[in-house]
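Here's the structure we're looking at; comments come further down.
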Amino acid sequence: MAKYPFPSKRAPLYRDVPDEQWYNWRWQLSQRLNTAEEIGKVIPLTDSERKALNAPNLFRVDITPYFISLIDPDDPEDPIRKQVIPTAAEMVPFTAMMEDSLAEDRHSPVPGLVHRYPDRVLMLVTTQCASYCRYCTRSRIVGDPSATFSRQEFELQLEYIRRTPQIRDVLLSGGDPLVLAPKILDEILSRLREIEHIEIVRIGTRVPVFLPMRITDELCEMLQKYHPLWMNIHVNTPNEITKELAEACDKLTRAGIPLGNQAVLLAGVNDNVDVQRQLVHDLVRIRVRPYYLYQCDLVEGAGHFRTPVGKGIEIMEGLRGHTSGYAVHQYIIDAPGGGGKIPVMPNYLLSYSDHKVVLRNYEGYITTYEEPVDYLPERAAKFKGEKRPEPGQSGVHGLLQGEQMFIKPENFDEVHDRHGIQHRLKDEKKWQPLGIGSGMKETA
Ligand SMILES: *Cc1c(COP(=O)(O)O)cnc(C)c1O
């Protein structure tokens with residue numbers, strides 16, 4: 001049963017560090033590596049890595065001793081290495097590259113709060129992380145210690161949430177909320193819990209992966225005061241799943257926090273069906289439910305990590321049906337320009353008529369599902385509660401509910417207003433000069 005009987009290996013540089021220090025999260029944070037000189041003592045650097053580490057204005061580098069120890073120093077293609085050690089490829093721009101590819105700033109009613117969906121908000125509570133991912137979607141703000149969020153901004157965020165009762169879900173992210181001083185995180189959670197319409201709070205964090213020793217009993221005790229609390233971690237490859245991570249997840253789960261995983265599809269790191277299968281299997285073994293697999297965003301510095309969308313579809317084809325449904329994440333493209341998360345998957349619905357659906361399964365077996373011919377939509381279950389309003393955002397769902405007949409692109413009416421005359425086919429006087437209308441009938 002125990003797949004991880006031994007602590008993960010330590011790089012030779014850390015062999016003599018006493019356990020009290022190695023397993024102390026403050027020590028790990030204070031010993032993070034960020035220069036070519038420091039990193040070069042653990043891993044022989046390639047020219048490309050050395051060049052990037054010495055370049056000015058590169059997105060922040062910091063790696064915990066624990067995480068860098070998971071890298072195979074002799075493998076320049078190591079999938080953990082690529083996630084945290086920059087290469088010269090980061091400095092190469094690409095078409096469609098953007099600074100704020102998800103248009104988060106435009107969706108922020110107050111600084112640090114992103115309100116994109118009707119019922120939930122993303123709250124950026126810090127710019128700091130335990131280590132920095134080279135493909136960070138928020139590299140425009142993350143890592144910059146001078147851009148950290150102030151108490152005044154926090155009060156504005158709370159105020160906005162308080163006066164927006166449609167918000168029922170608050171997602172704390174950043175940066176990484178779990179690197180905040182414990183007292184501050186405690187205060188943020190307790191202030192959010194005072195707001196009656198907040199049903200759930202979730203935390204997006206990579207601390208269990210970069211710094212599993214941070215998941216202490218005291219932290220779990222603090223977190224469990226704020227249930228229902230959910231958490232998403234961020235594991236991209238099976239190599240990141242260690243005894244230390246398994247223990248951290250076990251603590252969180254025992255504190256009643258359901259754990260999910262958000263992975264990013266990265267070229268040369270996890271763009272392989274077998275790697276993905278191993279990843280999701282290893283995650284469910286430590287009771288982490290694979291949640292999303294993201295297509296890499298169009299963010300500066302991440303061009304070399306991008307894969308075609310077809311790679312993601314191919315991976316999903318290799319998971320669904322081939323393994324436990326619990327192990328299958330959803331593949332997501334976060335819409336450039338700010339449309340939000342869009343699920344993408346292979347087609348399983350081949351065709352349908354007014355009474356029959358043709359489907360295929362993962363093996364290629366094709367079947368038909370006969371639909372009922374006596375279904376009465378007006379007898380559908382009644383909802384006795386109060387409907388949640390989604391002003392302006394009911395979307396295709398709104399079309400199906402009959403709230404609207406169409407959704408028009410911006411300026412649709414102006415674009416289609418050709419200042420023409422009203423079409424009246426029977427008005428012969430108007431149509432005669434063009435030789436159509438009743439005149440056509442005579443020649444036909
Ligand atoms: C990802 C995200 C959420 C949460 O989305 P879910 O699909 O509910 O996990 C909420 N707000 C913003 C701005 C996001 O980017």
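A note on labels: chains of the structure tokens are A, B, ... as shown, every chain counts residues from 1, and ligands are counted from 1 in their shown order.
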Could you please extract the residues within 6 Å of ligand 1, counting only C-alpha atoms and all ligand atoms, and hand them back as a list in words?
Val114, His115, Arg116, Arg120, Val121 and Leu122 of chain A
Test item: residues at most 8 Å from region 366-382 of chain A, only C-alpha atoms, excluding those fewer than 2 positions along its chain, as a PyMOL selection string: chain A and resi 355-361+364+384
Residue selection dump (N, CA and C atoms) as a PDB file, in the first residue's frame:
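File written: part_31.pdb
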ATOM      1  N   HIS A 355     -35.246  11.385 -31.869  1.00  0.00           N
ATOM      2  CA  HIS A 355     -35.560  10.350 -30.885  1.00  0.00           C
ATOM      3  C   HIS A 355     -34.399   9.399 -30.622  1.00  0.00           C
ATOM      4  N   LYS A 356     -33.236   9.667 -31.194  1.00  0.00           N
ATOM      5  CA  LYS A 356     -32.137   8.719 -31.084  1.00  0.00           C
ATOM      6  C   LYS A 356     -30.799   9.456 -31.055  1.00  0.00           C
ATOM      7  N   VAL A 357     -29.895   8.960 -30.189  1.00  0.00           N
ATOM      8  CA  VAL A 357     -28.565   9.556 -30.086  1.00  0.00           C
ATOM      9  C   VAL A 357     -27.544   8.483 -30.443  1.00  0.00           C
ATOM     10  N   VAL A 358     -26.568   8.828 -31.245  1.00  0.00           N
ATOM     11  CA  VAL A 358     -25.500   7.880 -31.593  1.00  0.00           C
ATOM     12  C   VAL A 358     -24.232   8.300 -30.870  1.00  0.00           C
ATOM     13  N   LEU A 359     -23.691   7.345 -30.103  1.00  0.00           N
ATOM     14  CA  LEU A 359     -22.542   7.637 -29.245  1.00  0.00           C
ATOM     15  C   LEU A 359     -21.428   6.650 -29.518  1.00  0.00           C
ATOM     16  N   ARG A 360     -20.221   7.043 -29.172  1.00  0.00           N
ATOM     17  CA  ARG A 360     -19.105   6.091 -29.233  1.00  0.00           C
ATOM     18  C   ARG A 360     -18.441   6.082 -27.871  1.00  0.00           C
ATOM     19  N   ASN A 361     -17.853   4.930 -27.502  1.00  0.00           N
ATOM     20  CA  ASN A 361     -17.145   4.897 -26.230  1.00  0.00           C
ATOM     21  C   ASN A 361     -15.652   5.019 -26.482  1.00  0.00           C
ATOM     22  N   GLY A 364     -14.119   2.764 -29.118  1.00  0.00           N
ATOM     23  CA  GLY A 364     -14.565   2.861 -30.497  1.00  0.00           C
ATOM     24  C   GLY A 364     -15.857   2.100 -30.734  1.00  0.00           C
ATOM     25  N   LYS A 384     -38.186  24.788  -5.781  1.00  0.00           N
ATOM     26  CA  LYS A 384     -38.967  25.612  -4.848  1.00  0.00           C
ATOM     27  C   LYS A 384     -38.138  26.756  -4.263  1.00  0.00           C
TER      28      LYS A 384
END
Min atom-atom distance to Arg163 (chain A) from the set A:Ile195, A:Ile71, A:Ala55, A:Val328, counting only C-alpha atoms, belongs to A:Ile195
Could you please determine the separation between CA of Ala96 (chain A) and CA of Glu300 (chain A) in Å, to one decimal place?
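One can read the CA of Ala96 (chain A) to CA of Glu300 (chain A) distance as 9.5 Å.
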- Task: Could you give me the residues within region 327-423 of chain A that DSSP places in strand (DSSP E or B), as JSON, numbers by chain?
- Result: {"A": [330, 331, 332, 333, 334, 335, 340, 341, 342, 343, 349, 350, 351, 352, 356, 357, 358, 359, 360, 366, 367, 368, 369, 370]}
> Looking only at the backbone, which of the residues in region 271-415 of chain A does DSSP tag as helix (DSSP H, G or I), as a PyMOL selection string?
Replying inline: chain A and resi 273-285+303-305+309-319+325-327+377-379+395-400+412-415
